[in-house]
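To be precise, the following lines are coords_1.pdb, and they hold PDB, C-alpha atoms.
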MODEL        1
ATOM      1  CA  MET A   1       1.537  -4.884  -5.133
ATOM      2  CA  ASP A   2       2.481  -2.042  -2.819
ATOM      3  CA  VAL A   3       5.736  -0.353  -3.801
ATOM      4  CA  HIS A   4       7.940   2.513  -2.649
ATOM      5  CA  GLY A   5       6.828   5.058  -5.239
ATOM      6  CA  ASP A   6       8.812   7.898  -3.680
ATOM      7  CA  MET A   7      11.993   5.835  -3.819
ATOM      8  CA  ILE A   8      11.394   4.972  -7.474
ATOM      9  CA  ARG A   9      10.767   8.644  -8.262
ATOM     10  CA  GLN A  10      13.976   9.658  -6.480
ATOM     11  CA  LEU A  11      16.046   7.018  -8.282
ATOM     12  CA  ARG A  12      14.594   8.187 -11.585
ATOM     13  CA  LEU A  13      15.418  11.807 -10.799
ATOM     14  CA  ASP A  14      18.937  10.854  -9.648
ATOM     15  CA  ARG A  15      19.497   9.439 -13.126
ATOM     16  CA  GLY A  16      18.078  12.561 -14.742
ATOM     17  CA  TRP A  17      15.252  10.625 -16.398
ATOM     18  CA  THR A  18      11.748  11.843 -17.086
ATOM     19  CA  GLN A  19       8.820   9.557 -16.388
ATOM     20  CA  GLN A  20       8.565   8.989 -20.135
ATOM     21  CA  GLN A  21      12.221   7.951 -20.351
ATOM     22  CA  LEU A  22      11.852   5.496 -17.464
ATOM     23  CA  ALA A  23       8.741   4.084 -19.113
ATOM     24  CA  GLU A  24      10.575   3.553 -22.410
ATOM     25  CA  ILE A  25      13.672   2.030 -20.812
ATOM     26  CA  ALA A  26      11.565  -0.339 -18.660
ATOM     27  CA  ASP A  27       9.172  -1.091 -21.547
ATOM     28  CA  LEU A  28       6.229   0.220 -19.535
ATOM     29  CA  SER A  29       3.579   2.788 -20.344
ATOM     30  CA  LEU A  30       3.891   6.338 -19.078
ATOM     31  CA  ARG A  31       0.627   5.813 -17.194
ATOM     32  CA  THR A  32       2.146   2.818 -15.375
ATOM     33  CA  VAL A  33       5.153   4.839 -14.226
ATOM     34  CA  GLN A  34       2.826   7.643 -13.068
ATOM     35  CA  ARG A  35       0.688   5.141 -11.139
ATOM     36  CA  VAL A  36       3.752   3.606  -9.489
ATOM     37  CA  GLU A  37       5.109   6.968  -8.371
ATOM     38  CA  ASN A  38       1.807   8.563  -7.353
ATOM     39  CA  GLN A  39      -0.266   5.656  -6.053
ATOM     40  CA  ASN A  40       2.515   3.320  -4.855
ATOM     41  CA  VAL A  41       1.106   0.285  -6.667
ATOM     42  CA  ALA A  42       2.498  -1.904  -9.444
ATOM     43  CA  SER A  43       1.878  -5.281 -11.013
ATOM     44  CA  ASN A  44       4.320  -8.114 -10.558
ATOM     45  CA  GLU A  45       5.630  -7.558 -14.113
ATOM     46  CA  SER A  46       6.102  -3.822 -13.553
ATOM     47  CA  VAL A  47       8.018  -4.439 -10.325
ATOM     48  CA  SER A  48      10.348  -6.817 -12.171
ATOM     49  CA  ALA A  49      10.896  -4.348 -15.014
ATOM     50  CA  LEU A  50      11.607  -1.455 -12.657
ATOM     51  CA  ALA A  51      13.931  -3.521 -10.481
ATOM     52  CA  SER A  52      15.902  -4.557 -13.539
ATOM     53  CA  VAL A  53      16.211  -1.040 -14.962
ATOM     54  CA  LEU A  54      17.011   0.553 -11.596
ATOM     55  CA  GLU A  55      19.433  -2.288 -10.764
ATOM     56  CA  LEU A  56      17.732  -3.123  -7.485
ATOM     57  CA  PRO A  57      16.502  -6.345  -5.911
ATOM     58  CA  ARG A  58      12.714  -6.639  -6.231
ATOM     59  CA  GLU A  59      12.402  -6.804  -2.443
ATOM     60  CA  GLN A  60      13.825  -3.300  -2.124
ATOM     61  CA  ILE A  61      11.037  -1.875  -4.293
ATOM     62  CA  LEU A  62       8.233  -3.731  -2.523
ATOM     63  CA  VAL A  63       6.653  -2.483   0.675
ATOM     64  CA  ARG A  64       6.993  -5.227   3.228
ATOM     65  CA  SER A  65       3.845  -6.583   4.761
ATOM     66  CA  ALA A  66       3.391  -6.451   8.503
ATOM     67  CA  SER A  67       5.376  -8.891  10.594
ATOM     68  CA  PRO A  68       3.553 -11.676  12.462
ATOM     69  CA  GLU A  69       4.113  -9.768  15.711
ATOM     70  CA  VAL A  70       2.441  -6.630  14.338
ATOM     71  CA  LEU A  71      -0.496  -8.689  13.039
ATOM     72  CA  ALA A  72      -0.879 -10.407  16.419
ATOM     73  CA  ARG A  73      -1.011  -7.028  18.209
ATOM     74  CA  ALA A  74      -3.656  -5.810  15.761
ATOM     75  CA  GLU A  75      -5.728  -8.945  16.310
ATOM     76  CA  ARG A  76      -5.575  -8.435  20.095
ATOM     77  CA  ARG A  77      -6.821  -4.854  19.669
ATOM     78  CA  VAL A  78      -9.737  -5.980  17.524
ATOM     79  CA  ALA A  79     -10.579  -8.734  20.009
ATOM     80  CA  TRP A  80     -11.519  -6.167  22.656
ATOM     81  CA  VAL A  81     -12.879  -3.456  20.346
ATOM     82  CA  ILE A  82     -15.705  -5.553  18.929
ATOM     83  CA  PRO A  83     -17.260  -6.612  22.283
ATOM     84  CA  VAL A  84     -16.939  -3.076  23.647
ATOM     85  CA  ALA A  85     -18.330  -1.578  20.449
ATOM     86  CA  THR A  86     -21.219  -4.020  20.406
ATOM     87  CA  GLY A  87     -22.059  -3.258  24.031
ATOM     88  CA  VAL A  88     -21.966   0.471  23.337
ATOM     89  CA  GLY A  89     -24.033  -0.118  20.210
ATOM     90  CA  VAL A  90     -26.729  -1.899  22.229
ATOM     91  CA  ALA A  91     -26.899   1.092  24.554
ATOM     92  CA  LEU A  92     -27.205   3.443  21.556
ATOM     93  CA  GLY A  93     -29.794   1.403  19.697
ATOM     94  CA  SER A  94     -29.666   0.030  16.153
ATOM     95  CA  GLY A  95     -28.827   3.425  14.630
ATOM     96  CA  GLY A  96     -25.891   3.813  16.992
ATOM     97  CA  THR A  97     -24.705   0.300  16.227
ATOM     98  CA  ALA A  98     -24.824   0.959  12.487
ATOM     99  CA  LEU A  99     -22.909   4.209  12.907
ATOM    100  CA  LEU A 100     -20.334   2.585  15.170
ATOM    101  CA  MET A 101     -19.850  -0.385  12.833
ATOM    102  CA  ARG A 102     -19.388   1.986   9.908
ATOM    103  CA  TRP A 103     -16.778   3.909  11.914
ATOM    104  CA  LEU A 104     -14.991   0.644  12.710
ATOM    105  CA  GLY A 105     -15.038  -0.298   9.039
ATOM    106  CA  GLY A 106     -17.439  -3.208   9.389
TER     107      GLY A 106
ENDMDL
END
When written as structure tokens, how does the structure in this file appear?
Amino acid sequence: MDVHGDMIRQLRLDRGWTQQQLAEIADLSLRTVQRVENQNVASNESVSALASVLELPREQILVRSASPEVLARAERRVAWVIPVATGVGVALGSGGTALLMRWLGG
């Protein structure tokens, strides 16, 4: 799950805790706390443990997913990018298409 690692780090520092202390209090490994703070990811169980220890609702720790409106806008963008990209790719040949598709993440 995506989490607000910077917020967790700041809350830990506000309490004067080291990463090791937070890990012990939350019954997590030091590596888990490091991963949460540095990579902004945590398992469901880790999110629950951190929320409990930091006295926060779980939802405040989690990064919210995009709203339906944001997803709809993204889908509209992709709807025109693919036909345009494919047309450009045809003009460039198969090598150009492969390069363009790689650039688009396909």
To box range 23-35 of chain A, take all atoms listed in the file, fit an axis-aligned box, add 6 Å on each side, and give centre and edge lengths in Å to one decimal, as JSON.
{"center_x": 7.1, "center_y": 3.3, "center_z": -16.8, "size_x": 25.0, "size_y": 20.7, "size_z": 23.3}
The PyMOL selection byres ((chain A and resi 48-60) around 10) - which residues does that actually catch in the file I just gave you? List them as a compact mmCIF listing (two decimals) with C-alpha atoms, in the coordinates of the input.
# COMPACT_ATOMS: atom_id res chain seq x y z
CA VAL A 3 5.74 -0.35 -3.80
CA HIS A 4 7.94 2.51 -2.65
CA MET A 7 11.99 5.84 -3.82
CA ILE A 8 11.39 4.97 -7.47
CA LEU A 11 16.05 7.02 -8.28
CA ARG A 12 14.59 8.19 -11.58
CA ARG A 15 19.50 9.44 -13.13
CA LEU A 22 11.85 5.50 -17.46
CA ALA A 23 8.74 4.08 -19.11
CA ILE A 25 13.67 2.03 -20.81
CA ALA A 26 11.56 -0.34 -18.66
CA ASP A 27 9.17 -1.09 -21.55
CA LEU A 28 6.23 0.22 -19.54
CA VAL A 33 5.15 4.84 -14.23
CA VAL A 36 3.75 3.61 -9.49
CA ALA A 42 2.50 -1.90 -9.44
CA SER A 43 1.88 -5.28 -11.01
CA ASN A 44 4.32 -8.11 -10.56
CA GLU A 45 5.63 -7.56 -14.11
CA SER A 46 6.10 -3.82 -13.55
CA VAL A 47 8.02 -4.44 -10.32
CA ILE A 61 11.04 -1.88 -4.29
CA LEU A 62 8.23 -3.73 -2.52
CA VAL A 63 6.65 -2.48 0.68
CA ARG A 64 6.99 -5.23 3.23
Open item on the list: At a cut-off of 10 Å, using all atoms listed in the file, what residues contact Asn38 in chain A? Leave out same-chain residues fewer than 6 positions from it and give the result as number ranges by chain.
Closed with: A: 4-6, 9, 32
Open item on the list: Could you tell me how far CA of Asn40 in chain A sits from CA of Gln20 in chain A, in Å to one decimal place?
Closed with: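 Between these atoms lies a distance of 17.4 Å.
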As a compact mmCIF listing (two decimals), in the frame of the given file, the rebuilt range 11-44 of chain A with N, CA and C atoms:
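Wrote it out as result03.txt, contents follow:
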# COMPACT_ATOMS: atom_id res chain seq x y z
N LEU A 11 15.03 7.71 -7.47
CA LEU A 11 16.05 7.02 -8.28
C LEU A 11 15.97 7.47 -9.74
N ARG A 12 14.76 7.69 -10.22
CA ARG A 12 14.59 8.19 -11.58
C ARG A 12 15.19 9.58 -11.71
N LEU A 13 14.90 10.45 -10.77
CA LEU A 13 15.42 11.81 -10.80
C LEU A 13 16.94 11.83 -10.65
N ASP A 14 17.48 10.95 -9.81
CA ASP A 14 18.94 10.85 -9.65
C ASP A 14 19.63 10.54 -10.97
N ARG A 15 18.94 9.80 -11.82
CA ARG A 15 19.50 9.44 -13.13
C ARG A 15 19.21 10.50 -14.19
N GLY A 16 18.42 11.50 -13.80
CA GLY A 16 18.08 12.56 -14.74
C GLY A 16 17.06 12.14 -15.79
N TRP A 17 16.25 11.13 -15.46
CA TRP A 17 15.25 10.62 -16.40
C TRP A 17 13.90 11.27 -16.14
N THR A 18 13.15 11.46 -17.21
CA THR A 18 11.75 11.84 -17.09
C THR A 18 10.94 10.56 -16.86
N GLN A 19 9.68 10.73 -16.52
CA GLN A 19 8.82 9.56 -16.39
C GLN A 19 8.72 8.83 -17.72
N GLN A 20 8.66 9.58 -18.80
CA GLN A 20 8.56 8.99 -20.14
C GLN A 20 9.81 8.17 -20.45
N GLN A 21 10.98 8.69 -20.09
CA GLN A 21 12.22 7.95 -20.35
C GLN A 21 12.27 6.66 -19.54
N LEU A 22 11.88 6.71 -18.28
CA LEU A 22 11.85 5.50 -17.46
C LEU A 22 10.88 4.49 -18.07
N ALA A 23 9.73 4.97 -18.50
CA ALA A 23 8.74 4.08 -19.11
C ALA A 23 9.32 3.39 -20.34
N GLU A 24 10.00 4.14 -21.19
CA GLU A 24 10.58 3.55 -22.41
C GLU A 24 11.69 2.56 -22.09
N ILE A 25 12.55 2.91 -21.16
CA ILE A 25 13.67 2.03 -20.81
C ILE A 25 13.16 0.73 -20.18
N ALA A 26 12.12 0.84 -19.34
CA ALA A 26 11.56 -0.34 -18.66
C ALA A 26 10.51 -1.06 -19.49
N ASP A 27 10.21 -0.53 -20.68
CA ASP A 27 9.17 -1.09 -21.55
C ASP A 27 7.81 -1.12 -20.84
N LEU A 28 7.50 0.03 -20.21
CA LEU A 28 6.23 0.22 -19.54
C LEU A 28 5.54 1.43 -20.15
N SER A 29 4.27 1.59 -19.86
CA SER A 29 3.58 2.79 -20.34
C SER A 29 3.87 3.95 -19.39
N LEU A 30 3.73 5.15 -19.91
CA LEU A 30 3.89 6.34 -19.08
C LEU A 30 2.89 6.29 -17.93
N ARG A 31 1.68 5.89 -18.22
CA ARG A 31 0.63 5.81 -17.19
C ARG A 31 1.03 4.86 -16.06
N THR A 32 1.70 3.77 -16.40
CA THR A 32 2.15 2.82 -15.38
C THR A 32 3.17 3.47 -14.46
N VAL A 33 4.13 4.17 -15.03
CA VAL A 33 5.15 4.84 -14.23
C VAL A 33 4.49 5.89 -13.34
N GLN A 34 3.55 6.64 -13.87
CA GLN A 34 2.83 7.64 -13.07
C GLN A 34 2.09 6.98 -11.91
N ARG A 35 1.44 5.86 -12.18
CA ARG A 35 0.69 5.14 -11.14
C ARG A 35 1.63 4.64 -10.05
N VAL A 36 2.78 4.11 -10.46
CA VAL A 36 3.75 3.61 -9.49
C VAL A 36 4.21 4.74 -8.58
N GLU A 37 4.57 5.86 -9.16
CA GLU A 37 5.11 6.97 -8.37
C GLU A 37 4.05 7.68 -7.53
N ASN A 38 2.84 7.79 -8.04
CA ASN A 38 1.81 8.56 -7.35
C ASN A 38 0.91 7.74 -6.45
N GLN A 39 0.66 6.48 -6.83
CA GLN A 39 -0.27 5.66 -6.05
C GLN A 39 0.42 4.51 -5.33
N ASN A 40 1.73 4.34 -5.55
CA ASN A 40 2.52 3.32 -4.86
C ASN A 40 2.01 1.90 -5.10
N VAL A 41 1.54 1.63 -6.31
CA VAL A 41 1.11 0.28 -6.67
C VAL A 41 1.69 -0.10 -8.02
N ALA A 42 1.96 -1.40 -8.19
CA ALA A 42 2.50 -1.90 -9.44
C ALA A 42 2.18 -3.38 -9.55
N SER A 43 2.07 -3.85 -10.79
CA SER A 43 1.88 -5.28 -11.01
C SER A 43 3.21 -6.00 -10.79
N ASN A 44 3.13 -7.29 -10.72
CA ASN A 44 4.32 -8.11 -10.56
C ASN A 44 5.31 -7.87 -11.71
